[in-house]
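Following: one structure in structure tokens, then a few remarks.
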2 protein chains.
Amino acid sequence: MSEDLPKLAVIGGTGDLGGGLARRWAAAGYPVVIGSRGQEKADLAADDIRNEVGGRVEGMENAAAAAAADIVVLTVPFASQKPNLEAIREGLQGKILLDATVPLVPPKVARVQLPEAGSAALEAKKIVGEGVTVVSAFQNVGAAHLRDEHPIETDVLVTGEGVEAREAVIALVEAAGMRGWHAGPLSNAVVAEGLTSVLIGINRRYKIDGAGLRITGFQGTSE
Amino acid sequence: MSEDLPKLAVIGGTGDLGGGLARRWAAAGYPVVIGSRGQEKADLAADDIRNEVGGRVEGMENAAAAAAADIVVLTVPFASQKPNLEAIREGLQGKILLDATVPLVPPKVARVQLPEAGSAALEAKKIVGEGVTVVSAFQNVGAAHLRDEHPIETDVLVTGEGVEAREAVIALVEAAGMRGWHAGPLSNAVVAEGLTSVLIGINRRYKIDGAGLRITGFQGTSE
């Protein structure tokens, strides 16, 4: 059945968020390439996931990973977004880039501090250019919870360039065990990105482990 | 018991959101002044609320309403924010301004389009100046649902200048039957403001009547 599933590259796939998503996608049958700066680190992370959940997982250096995949997922800290995108730009052309970057600016990470383009997603668009379809998601997912088996207590706002590309990403959100919502054009990514700072502040003030959000009011059923 | 409750002025209190909040606050025992551009319209709206829920409700022109109150609530369309704030600025000094403005730019109201200052809340701050403590809330509340008796299916993100002022507003959120959350400094208001456009888009695409949000993960209890 999984022959038709797109091949995913996870740039930053050795980190908590990227590794957690990669594990869930591999478990769901997607072919996954773990991208890292070094081949060895990528191989180790891929081995770990294969040993845990099975599936088709391999490791590659970032540029090769992006070139090998159908959909490329970027899960790196804000400060690493630009160099990583520049390194993989060539392999991205004609594909969907799923950017999960949150523009946190330490030390005040509970304060919304937006980059010049208005959001990290729009910064990504500036870097990768018109040949890449940019979609933005997963900013509000607590990476720690991706390792748990239980359902994750957050919905995922999916913004991006066009309904079709967002649909493809919503399928990935669901494969990772969450509910994804069409949240509008890429310029709306500012909401999910800023919400991460709000949720960090809520975690601290209310002593919550992994605050998230749910969209309510769905077609008459409410939670 | 209600002698200690602050007196509230609702500028735009003849509209759906302002009128709905004023009704709930009056029912909760708060003294409420309905502000409008004309005395007669303000009186009529105040009479309506008094007839429905009782309480201490009066009508005044906007500037007089702001001057008479302890906390001033602005519930007007984005295009009316600036002229209204300029009209009441004098009466606001030394008080809390609770701004509920959402910077929707028709016709593309499902697209986040932020004003020059970064958010409507920061625009308000520029207009009213340092002598006013600005707090921002209620951007995601569907006005239509305020008339219903049942609990409203949305949480309220409260951003603003200082914990104490946010606490005062969270008390108003709870008096209106909703859960309010400390969501950080006024610069974080961009999240709640932008979220309104996201929710409008979700209402349309998923045919929901009044999509809202819930913060999940509260101290180990999850919904």
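Going through the structure tokens in order, the chains are called A, B, and so on, while each chain numbers its residues from 1 and the ligands are numbered from 1 in the order shown.
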Residues within 8 Å of Ala64 (chain A), please, as a list in words. Count only C-alpha atoms; anything in the same chain fewer than 5 positions from it doesn't count. Gly35, Ile88 and Gly91 of chain A
Identify, with DSSP run on backbone atoms, the residues in region 18-170 of chain A assigned to alpha helix (DSSP H), and express the list as a VMD selection string. chain A and resid 18 to 27 39 to 53 62 to 68 78 to 92 120 to 128 143 to 146 163 to 170
Pick from A:Val105, A:Ala110, A:Leu21, A:Lys125, whichever lies nearest to Ile202 (chain A) using only C-alpha atoms: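 Of A:Val105, A:Ala110, A:Leu21, A:Lys125, the one nearest Ile202 (chain A), counting only C-alpha atoms, is A:Ala110.
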Provide the CA of Val128 (chain B) to CA of Leu44 (chain B) distance in Å, to one decimal place. 28.6 Å
Can you work out which one of A:Asn84, A:Asn203, A:Asn188, A:Gln93 has the shortest atom-to-atom distance to chain B, counting only C-alpha atoms?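 Under the stated criterion, the closest residue is A:Asn188.
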Hey, which bits of chain A sit within 6 Å of chain B, and for each residue what's the closest pair of atoms and how far apart in Å (one decimal), counting only C-alpha atoms, rows by chain and increasing number, as CSV?
residue,atom,partner,partner_atom,distance
A:Val112,CA,B:Asn188,CA,5.3
A:Ala183,CA,B:Val198,CA,5.2
A:Asn188,CA,B:Val112,CA,5.3
A:Val191,CA,B:Val191,CA,5.0
A:Gly194,CA,B:Val191,CA,5.6
A:Leu195,CA,B:Val191,CA,5.9
A:Val198,CA,B:Ala183,CA,5.3
A:Ile208,CA,B:Gln219,CA,4.8
A:Ala211,CA,B:Gly217,CA,4.7
A:Gly212,CA,B:Thr216,CA,4.9
A:Leu213,CA,B:Ile215,CA,4.6
A:Arg214,CA,B:Arg214,CA,5.0
A:Ile215,CA,B:Leu213,CA,4.6
A:Thr216,CA,B:Gly212,CA,4.9
A:Gly217,CA,B:Ala211,CA,4.7
A:Phe218,CA,B:Ile208,CA,5.5
A:Gln219,CA,B:Ile208,CA,4.8
Take the residues from that selection and write them out as an mmCIF file, in the first residue's frame, keeping C-alpha atoms.
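This went into part09.cif:
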data_model
loop_
_atom_site.group_PDB
_atom_site.id
_atom_site.type_symbol
_atom_site.label_atom_id
_atom_site.label_comp_id
_atom_site.auth_asym_id
_atom_site.auth_seq_id
_atom_site.Cartn_x
_atom_site.Cartn_y
_atom_site.Cartn_z
ATOM 1 C CA VAL A 112 6.544 37.107 19.834
ATOM 2 C CA ALA A 183 -5.364 27.690 8.047
ATOM 3 C CA ASN A 188 -1.126 33.293 7.888
ATOM 4 C CA VAL A 191 -0.302 32.943 13.758
ATOM 5 C CA GLY A 194 3.609 33.420 17.246
ATOM 6 C CA LEU A 195 1.389 30.974 19.084
ATOM 7 C CA VAL A 198 2.272 32.234 23.711
ATOM 8 C CA ILE A 208 1.772 22.910 32.090
ATOM 9 C CA ALA A 211 0.276 23.282 26.215
ATOM 10 C CA GLY A 212 -1.328 23.000 22.801
ATOM 11 C CA LEU A 213 -4.414 24.163 20.993
ATOM 12 C CA ARG A 214 -7.625 22.666 19.746
ATOM 13 C CA ILE A 215 -9.904 24.208 17.176
ATOM 14 C CA THR A 216 -13.443 24.018 18.564
ATOM 15 C CA GLY A 217 -16.884 24.190 17.050
ATOM 16 C CA PHE A 218 -16.318 21.643 14.326
ATOM 17 C CA GLN A 219 -19.550 21.124 12.421
#
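DSSP annotation of region 84-158 of chain A from backbone atoms: strand (DSSP E) residues are Ile96, Leu97, Leu98, Asp99, Thr133, Val134, Val135, Ser136, Asp155, Val156, Leu157 and Val158 of chain A.
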Find the residue from A:Glu123, A:Glu61, A:Glu161, A:Asp16 that sits nearest to Leu146 (chain A); use only C-alpha atoms when measuring. A:Asp16
Please provide the set of residues having any atom within 8 Å of Ala26 (chain B), restricted to only C-alpha atoms, with same-chain residues fewer than 2 positions apart removed, written as a tab-separated table (two decimals) with N, CA, C and O atoms, in the first residue's frame.
chain	number	residue	atom	x	y	z
B	22	ALA	N	-21.41	43.48	27.18
B	22	ALA	CA	-22.05	44.36	28.16
B	22	ALA	C	-23.19	43.64	28.86
B	22	ALA	O	-23.37	43.74	30.08
B	23	ARG	N	-23.96	42.87	28.09
B	23	ARG	CA	-25.08	42.13	28.68
B	23	ARG	C	-24.59	41.13	29.71
B	23	ARG	O	-25.13	41.02	30.81
B	24	ARG	N	-23.53	40.40	29.35
B	24	ARG	CA	-23.00	39.41	30.29
B	24	ARG	C	-22.40	40.06	31.54
B	24	ARG	O	-22.56	39.55	32.65
B	28	ALA	N	-23.63	39.86	35.45
B	28	ALA	CA	-22.69	39.42	36.50
B	28	ALA	C	-22.54	40.47	37.61
B	28	ALA	O	-21.78	40.27	38.54
B	29	GLY	N	-23.26	41.60	37.48
B	29	GLY	CA	-23.26	42.58	38.54
B	29	GLY	C	-22.36	43.79	38.33
B	29	GLY	O	-22.32	44.69	39.17
B	30	TYR	N	-21.65	43.84	37.21
B	30	TYR	CA	-20.78	44.99	36.95
B	30	TYR	C	-21.63	46.21	36.55
B	30	TYR	O	-22.57	46.07	35.75
B	31	PRO	N	-21.30	47.38	37.07
B	31	PRO	CA	-21.89	48.59	36.51
B	31	PRO	C	-21.32	48.83	35.10
B	31	PRO	O	-20.10	48.77	34.92
B	32	VAL	N	-22.19	49.07	34.14
B	32	VAL	CA	-21.77	49.16	32.75
B	32	VAL	C	-22.31	50.45	32.11
B	32	VAL	O	-23.49	50.78	32.27
B	49	ILE	N	-30.58	46.15	27.46
B	49	ILE	CA	-29.84	45.24	28.34
B	49	ILE	C	-30.48	45.20	29.72
B	49	ILE	O	-30.68	44.14	30.31
B	50	ARG	N	-30.84	46.37	30.24
B	50	ARG	CA	-31.48	46.42	31.57
B	50	ARG	C	-32.77	45.61	31.57
B	50	ARG	O	-33.07	44.89	32.52
B	53	VAL	N	-31.59	41.67	31.36
B	53	VAL	CA	-30.85	41.01	32.44
B	53	VAL	C	-30.79	41.83	33.72
B	53	VAL	O	-30.20	41.39	34.71
B	54	GLY	N	-31.40	43.02	33.72
B	54	GLY	CA	-31.31	43.86	34.91
B	54	GLY	C	-29.92	44.47	35.05
B	54	GLY	O	-29.21	44.64	34.06
B	55	GLY	N	-29.56	44.82	36.27
B	55	GLY	CA	-28.24	45.37	36.49
B	55	GLY	C	-28.19	46.88	36.35
B	55	GLY	O	-29.21	47.52	36.06
B	56	ARG	N	-27.00	47.41	36.56
B	56	ARG	CA	-26.81	48.86	36.50
B	56	ARG	C	-26.20	49.22	35.16
B	56	ARG	O	-24.99	49.09	34.96
B	57	VAL	N	-27.03	49.62	34.23
B	57	VAL	CA	-26.57	49.91	32.87
B	57	VAL	C	-27.07	51.29	32.47
B	57	VAL	O	-28.25	51.60	32.62
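Shortest separation to Val134 (chain A) among A:Leu97, A:Ala79, A:Leu17, A:Val10 occurs at residue A:Leu97, atoms counted being only C-alpha atoms.
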Point-to-point distance in Å for CA of Val135 (chain B) and CA of Gly162 (chain B):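 CA of Val135 (chain B) lies at a distance of 8.6 Å from CA of Gly162 (chain B).
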